[in-house]
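J.: What follows is work_17.cif; its format and atoms are mmCIF, C-alpha atoms.
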data_entry
loop_
_atom_site.label_atom_id
_atom_site.label_comp_id
_atom_site.auth_asym_id
_atom_site.auth_seq_id
_atom_site.Cartn_x
_atom_site.Cartn_y
_atom_site.Cartn_z
CA MET K 1 86.72 27.10 142.65
CA ASP K 2 86.34 30.84 142.52
CA GLY K 3 85.80 31.07 146.25
CA ASP K 4 89.47 31.06 147.17
CA GLY K 5 90.29 33.88 144.74
CA GLY K 6 87.43 35.93 146.10
CA GLY K 7 88.39 35.20 149.69
CA ALA K 8 91.98 36.25 149.16
CA ALA K 9 90.78 39.46 147.55
CA ALA K 10 88.35 40.15 150.35
CA ALA K 11 90.89 39.55 153.12
CA HIS K 12 92.65 42.88 152.58
CA HIS K 13 89.52 44.91 152.26
CA HIS K 14 90.67 47.86 154.34
CA THR K 15 93.33 48.79 151.77
CA ARG K 16 91.51 47.88 148.57
CA SER K 17 91.26 50.57 145.89
CA PRO K 18 89.35 50.69 142.58
CA GLU K 19 92.67 49.82 140.92
CA ASP K 20 92.90 46.60 142.97
CA VAL K 21 89.38 45.56 142.03
CA PHE K 22 90.11 46.45 138.40
CA ARG K 23 93.21 44.21 138.45
CA ASP K 24 91.03 41.35 139.70
CA PHE K 25 88.44 42.14 136.99
CA ARG K 26 91.11 42.23 134.29
CA ALA K 27 92.63 38.91 135.37
CA ARG K 28 89.26 37.13 135.47
CA ARG K 29 88.34 38.66 132.13
CA ALA K 30 91.65 37.51 130.58
CA GLY K 31 90.84 33.95 131.73
CA ILE K 32 87.38 34.06 130.16
CA VAL K 33 88.71 35.55 126.92
CA LYS K 34 91.20 32.65 126.74
CA ALA K 35 88.38 30.12 127.19
CA LEU K 36 86.40 31.70 124.35
CA THR K 37 89.30 32.32 121.93
CA THR K 38 92.68 30.57 122.27
CA ASP K 39 91.31 27.62 124.32
CA VAL K 40 87.93 27.50 122.58
CA GLU K 41 88.11 23.86 121.44
CA LYS K 42 88.91 22.62 124.95
CA PHE K 43 86.18 24.86 126.40
CA TYR K 44 83.63 23.60 123.84
CA GLN K 45 84.38 19.96 124.72
CA MET K 46 84.15 20.61 128.45
CA CYS K 47 80.63 21.96 127.95
CA ASP K 48 79.33 18.80 126.27
CA PRO K 49 75.78 18.41 127.61
CA VAL K 50 76.07 14.62 127.33
CA ASP K 51 79.15 13.14 128.94
CA PRO K 52 79.27 9.33 129.23
CA LEU K 53 81.63 9.68 132.20
CA MET K 54 79.20 11.98 134.01
CA PRO K 55 75.71 10.81 133.09
CA GLU K 56 74.17 13.00 135.79
CA LYS K 57 75.88 16.08 134.36
CA GLU K 58 74.72 19.20 136.11
CA ASN K 59 74.45 22.85 135.26
CA LEU K 60 77.96 24.09 134.54
CA CYS K 61 79.37 27.60 134.87
CA LEU K 62 82.37 29.32 133.25
CA TYR K 63 84.56 31.02 135.86
CA GLY K 64 87.37 33.48 135.17
CA LEU K 65 89.94 33.19 137.97
CA PRO K 66 92.13 35.91 139.50
CA ASN K 67 95.26 34.22 138.08
CA GLU K 68 94.11 34.76 134.45
CA THR K 69 92.96 31.17 133.96
CA TRP K 70 89.44 29.77 133.53
CA GLU K 71 87.49 26.74 134.62
CA VAL K 72 84.20 25.10 133.79
CA THR K 73 82.72 23.65 136.92
CA LEU K 74 79.63 23.30 139.10
CA PRO K 75 78.29 26.40 140.85
CA ALA K 76 79.26 27.09 144.47
CA GLU K 77 77.38 24.93 146.94
CA GLU K 78 77.12 27.52 149.67
CA VAL K 79 73.98 29.65 149.70
CA PRO K 80 74.28 32.53 149.29
CA PRO K 81 77.61 32.10 147.51
CA GLU K 82 80.62 34.17 148.53
CA LEU K 83 80.74 35.90 145.13
CA PRO K 84 77.99 36.45 142.55
CA GLU K 85 77.69 33.34 140.38
CA PRO K 86 78.07 33.14 136.57
CA ALA K 87 75.21 32.05 134.29
CA LEU K 88 74.12 28.49 135.05
CA GLY K 89 73.83 25.64 132.61
CA ILE K 90 75.77 27.02 129.64
CA ASN K 91 76.44 23.37 128.71
CA PHE K 92 72.74 22.67 128.10
CA ALA K 93 72.40 25.54 125.62
CA ARG K 94 75.38 24.39 123.56
CA ASP K 95 73.99 21.84 121.11
CA GLY K 96 70.84 23.75 120.24
CA MET K 97 72.79 26.64 118.74
CA ILE K 98 75.36 27.48 116.09
CA GLU K 99 78.73 27.43 117.84
CA LYS K 100 79.51 31.11 117.31
CA ASP K 101 76.08 32.17 118.60
CA TRP K 102 76.56 30.01 121.67
CA LEU K 103 80.02 31.51 122.29
CA SER K 104 78.51 35.01 121.92
CA LEU K 105 75.81 34.12 124.43
CA VAL K 106 78.40 32.86 126.92
CA ALA K 107 80.43 36.05 126.28
CA VAL K 108 77.46 38.32 127.08
CA HIS K 109 76.70 36.43 130.29
CA SER K 110 80.40 36.52 131.21
CA ASP K 111 80.49 40.31 130.76
CA ALA K 112 77.51 40.65 133.10
CA TRP K 113 79.15 38.34 135.64
CA LEU K 114 82.49 40.18 135.55
CA LEU K 115 80.73 43.49 136.20
CA SER K 116 78.69 42.04 139.04
CA VAL K 117 81.81 40.61 140.73
CA ALA K 118 83.67 43.93 140.39
CA PHE K 119 80.79 45.94 141.83
CA TYR K 120 80.18 43.35 144.54
CA PHE K 121 83.77 44.01 145.66
CA GLY K 122 83.12 47.76 145.28
CA ALA K 123 80.13 47.54 147.64
CA ARG K 124 81.94 45.28 150.05
CA PHE K 125 84.96 47.58 150.24
CA GLY K 126 82.72 50.63 150.75
CA PHE K 127 83.59 52.47 147.51
CA ASP K 128 82.08 55.95 147.29
CA LYS K 129 80.60 57.50 144.16
CA ASP K 130 83.98 58.64 142.81
CA SER K 131 85.62 55.27 143.42
CA ARG K 132 82.76 53.49 141.65
CA ARG K 133 83.03 55.88 138.73
CA ARG K 134 86.79 55.33 138.56
CA LEU K 135 86.29 51.56 138.59
CA PHE K 136 83.64 51.70 135.87
CA THR K 137 85.73 54.03 133.69
CA MET K 138 88.71 51.63 133.83
CA ILE K 139 86.44 48.68 133.00
CA ASN K 140 84.70 50.59 130.21
CA ASN K 141 88.01 51.42 128.53
CA LEU K 142 88.49 47.72 127.74
CA PRO K 143 86.49 46.04 124.99
CA THR K 144 83.88 43.68 126.39
CA VAL K 145 84.36 39.92 126.13
CA TYR K 146 81.43 39.96 123.67
CA GLU K 147 83.18 42.56 121.49
CA ILE K 148 86.37 40.48 121.43
CA VAL K 149 84.60 37.18 120.70
CA THR K 150 82.39 38.59 117.93
CA GLY K 151 85.08 40.83 116.44
CA VAL K 152 82.93 43.94 117.01
CA ALA K 153 85.88 45.68 118.65
CA LYS K 154 87.80 45.33 115.40
CA LYS K 155 84.93 46.58 113.21
CA GLN K 156 84.35 49.60 115.43
CA SER K 157 87.96 50.62 115.08
CA LYS K 158 87.41 51.05 111.33
CA ALA K 159 84.53 53.49 111.83
CA PRO K 160 85.38 56.99 110.55
CA ASN K 161 85.05 58.44 114.01
CA GLY K 162 86.71 61.68 115.01
CA SER K 163 87.38 60.51 118.54
CA SER K 164 88.75 57.15 117.47
CA LYS K 165 92.12 58.05 118.93
CA SER K 166 90.95 57.60 122.48
CA SER K 167 88.25 55.07 121.66
CA LYS K 168 88.45 51.81 123.57
CA SER K 169 87.66 49.81 120.51
CA ASN K 170 90.64 50.42 118.24
CA SER K 171 91.55 46.81 118.34
CA LYS K 172 94.71 46.73 116.30
CA PRO K 173 97.67 48.93 115.57
CA SER K 174 96.86 50.02 112.05
CA LYS K 175 99.29 49.33 109.26
CA GLN K 176 99.15 53.01 108.36
CA THR K 177 100.77 54.33 111.52
CA ASN K 178 104.17 54.85 109.84
CA SER K 179 103.58 58.58 109.56
CA ASN K 180 103.23 59.22 113.27
CA SER K 181 105.58 58.53 116.13
CA LYS K 182 104.32 55.02 116.81
CA PRO K 183 106.08 52.19 114.98
CA ALA K 184 103.78 50.21 112.70
CA LYS K 185 104.91 47.06 114.47
CA PRO K 186 104.95 46.95 118.23
CA ALA K 187 106.77 43.66 117.70
CA HIS K 188 110.00 45.66 117.71
CA PRO K 189 109.44 48.01 120.61
CA LYS K 190 113.12 48.97 120.78
CA GLU K 191 112.51 51.56 118.06
CA ASP K 192 109.84 53.01 120.30
CA ASP K 193 111.77 53.62 123.48
CA ASP K 194 111.79 57.39 123.41
CA SER K 195 109.00 58.26 120.98
CA GLY K 196 105.84 56.70 122.42
CA GLN K 197 106.31 57.66 126.06
CA GLU K 198 104.34 60.90 126.05
CA ASP K 199 101.79 59.50 123.67
CA GLY K 200 99.62 57.62 126.14
CA GLU K 201 96.40 58.17 124.22
CA GLU K 202 97.64 56.43 121.15
CA ASP K 203 98.37 53.28 123.11
CA GLN K 204 94.61 52.76 123.15
CA ALA K 205 94.91 51.69 119.53
CA TYR K 206 97.15 48.79 120.47
CA LEU K 207 94.84 46.18 121.95
CA CYS K 208 95.76 42.51 122.11
CA GLY K 209 93.34 40.25 120.20
CA SER K 210 93.64 37.64 122.94
CA CYS K 211 93.41 39.47 126.28
CA GLY K 212 92.21 42.89 125.07
CA GLU K 213 94.94 44.72 127.00
CA SER K 214 96.70 47.67 125.44
CA TYR K 215 100.27 47.81 124.17
CA ALA K 216 102.83 48.75 126.82
CA ASN K 217 106.29 49.97 126.01
CA GLY K 218 108.85 47.25 125.61
CA GLU K 219 106.45 44.32 125.25
CA PHE K 220 106.90 41.83 122.45
CA TRP K 221 103.92 41.73 120.07
CA ILE K 222 103.09 39.79 116.93
CA CYS K 223 100.56 40.46 114.17
CA CYS K 224 98.43 37.73 112.58
CA ASP K 225 98.87 37.79 108.81
CA VAL K 226 95.32 36.53 108.27
CA CYS K 227 93.05 38.66 110.49
CA GLU K 228 95.69 41.37 111.08
CA LYS K 229 95.00 41.47 114.82
CA TRP K 230 97.92 42.09 117.16
CA PHE K 231 98.73 39.83 120.09
CA HIS K 232 101.02 39.94 123.09
CA GLY K 233 103.66 37.29 122.38
CA LYS K 234 102.99 35.80 125.82
CA CYS K 235 99.23 35.45 125.15
CA VAL K 236 99.81 33.32 122.05
CA ARG K 237 102.98 31.67 123.39
CA ILE K 238 105.30 33.14 120.76
CA THR K 239 108.73 34.37 121.87
CA PRO K 240 110.83 36.85 119.85
CA ALA K 241 113.16 33.93 119.05
CA LYS K 242 110.29 31.81 117.69
CA ALA K 243 108.96 34.77 115.70
CA GLU K 244 112.26 35.01 113.82
CA HIS K 245 111.48 31.67 112.16
CA ILE K 246 107.84 32.33 111.29
CA LYS K 247 107.33 33.48 107.71
CA GLN K 248 103.59 33.94 108.00
CA TYR K 249 102.07 34.04 111.48
CA LYS K 250 98.53 32.73 112.00
CA CYS K 251 96.86 33.40 115.37
CA PRO K 252 95.19 30.51 117.27
CA SER K 253 91.66 31.38 116.15
CA CYS K 254 92.65 31.71 112.46
CA SER K 255 94.54 28.40 112.68
CA SER K 256 91.58 26.60 114.23
CA LYS K 257 89.14 28.10 111.70
CA ARG K 258 91.26 26.76 108.88
CA SER K 259 91.42 23.27 110.35
CA ARG K 260 87.72 23.16 111.18
CA GLU K 261 86.44 23.94 107.70
#
Take the structure in this file and express it as structure tokens.

T.:
Amino acid sequence: MDGDGGGAAAAHHHTRSPEDVFRDFRARRAGIVKALTTDVEKFYQMCDPVDPLMPEKENLCLYGLPNETWEVTLPAEEVPPELPEPALGINFARDGMIEKDWLSLVAVHSDAWLLSVAFYFGARFGFDKDSRRRLFTMINNLPTVYEIVTGVAKKQSKAPNGSSKSSKSNSKPSKQTNSNSKPAKPAHPKEDDDSGQEDGEEDQAYLCGSCGESYANGEFWICCDVCEKWFHGKCVRITPAKAEHIKQYKCPSCSSKRSRE
């Protein structure tokens, strides 16, 4: 359950900084994004409101865990719980809605839960106004789970917006970046070793379609040839060696869309 992750985090409270809480936020968020994107079919099945093996199926919650995984399980039994609890009963809403609307609903509730957990830690660790602002700014620089699940982050990046360079929502390295110092393909970061270092702002444009994190120097990335989103190799389980043999790469969500139609 989530309790152990929260407990471990709380144990060192005298040294906890906004950056520590943000790392916990980012890990939980990565787990939830996996549940709603790369692992969506498994997640959908686990939220079946009618399960012959569990006829007395209860209200289920989606938890993001501090080790970047997710689980669908019953809410904490202790009252009040150690951490704020996610939205209850997502399984009962599932069959009355179109799948993508249901996933968007779960995404919105997950965003609210992630924020509440982060600011619960902030209160518990005695963050002052500046620390809370720092925490919120770091969180706000990432696209929300809802933006990732609905593709809003990608659409926003196309808006003709003067400040788009530092905008959190540039969700893919654009194909037109050849003219500036960034390589068009972060998949070959070797070319980038000296050029991109001082260019921190532009890294904002390199956000992984799976976890939403930005491109860091030296990481292996791959671009989906269908939706043109970029992904950390590790998020979609593609190694540089595997990539050599792929003529046309399709990300997990494009692959599952194709097979579902």

J.: For Arg237 of chain K, find every residue with an atom within 12 Å (counting all atoms listed in the file), except residues of its own chain fewer than 3 positions away, and show them as an MDAnalysis selection string.

T.: chainID K and resid 38 210 220:222 231:234 240:243 251:252

J.: Interatomic distance between atom CA of Lys247 of chain K and atom CA of Val226 of chain K?

T.: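 Separating atom CA of Lys247 of chain K from atom CA of Val226 of chain K is a distance of 12.4 Å.
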
J.: May I have the residues within 7 Å of segment 92-106 of chain K as JSON, numbers by chain, using all atoms listed in the file and disregarding those fewer than 4 positions away in the same chain?

T.: {"K": [36, 49, 110, 146, 149, 150]}

J.: When the PyMOL selection byres ((chain K and resi 24-28) around 8) is applied to the file above, which residues end up in the set, as a list in words?

T.: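 Evaluating the PyMOL selection byres ((chain K and resi 24-28) around 8) on this file yields Asp20, Val21, Phe22, Arg23, Arg29, Ala30, Gly31, Ile32, Tyr63, Gly64, Leu65, Pro66, Asn67, Glu68, Thr69, Trp70, Leu114, Leu115, Val117, Ala118 and Ile139 of chain K.
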
J.: Can you translate the PyMOL selection byres ((chain K and resi 122-126) around 8) into the concrete residues it hits in this file, as an mmCIF file with C-alpha atoms, keeping the file's coordinate frame?

T.:
data_model
loop_
_atom_site.group_PDB
_atom_site.id
_atom_site.type_symbol
_atom_site.label_atom_id
_atom_site.label_comp_id
_atom_site.auth_asym_id
_atom_site.auth_seq_id
_atom_site.Cartn_x
_atom_site.Cartn_y
_atom_site.Cartn_z
ATOM 1 C CA HIS K 13 89.520 44.910 152.260
ATOM 2 C CA HIS K 14 90.670 47.860 154.340
ATOM 3 C CA ARG K 16 91.510 47.880 148.570
ATOM 4 C CA PRO K 18 89.350 50.690 142.580
ATOM 5 C CA VAL K 21 89.380 45.560 142.030
ATOM 6 C CA ALA K 118 83.670 43.930 140.390
ATOM 7 C CA PHE K 119 80.790 45.940 141.830
ATOM 8 C CA TYR K 120 80.180 43.350 144.540
ATOM 9 C CA PHE K 121 83.770 44.010 145.660
ATOM 10 C CA PHE K 127 83.590 52.470 147.510
ATOM 11 C CA ASP K 128 82.080 55.950 147.290
ATOM 12 C CA ARG K 132 82.760 53.490 141.650
#

J.: Quick check, in Å to one decimal: how far apart do atom CA of Glu244 of chain K and atom CA of Gly209 of chain K lie?

T.: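 Those two atoms sit 20.6 Å apart.
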
J.: May I ask which of the residues K:Glu71, K:Asp39, K:Glu219, K:Asp48 is the closest one to Ile90 of chain K, counting all atoms listed in the file?

T.: K:Asp48

J.: Record the distance separating atom CA of Ser253 of chain K and atom CA of Leu88 of chain K, expressed in Å with one decimal.

T.: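 Pair atom CA of Ser253 of chain K / atom CA of Leu88 of chain K returns 25.9 Å.
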
J.: Write out as number ranges by chain the residues lying within 8 Å of Gly212 of chain K, counting all atoms listed in the file and excluding same-chain residues fewer than 3 positions away.

T.: K: 30, 142-143, 148, 171, 207-209

J.: Any idea what's packed within 6 Å of segment 72-75 of chain K, counting all atoms listed in the file, ignoring anything in its chain fewer than 3 positions away? Could you give it as a list in words?

T.: Leu60, Cys61 and Leu62 of chain K
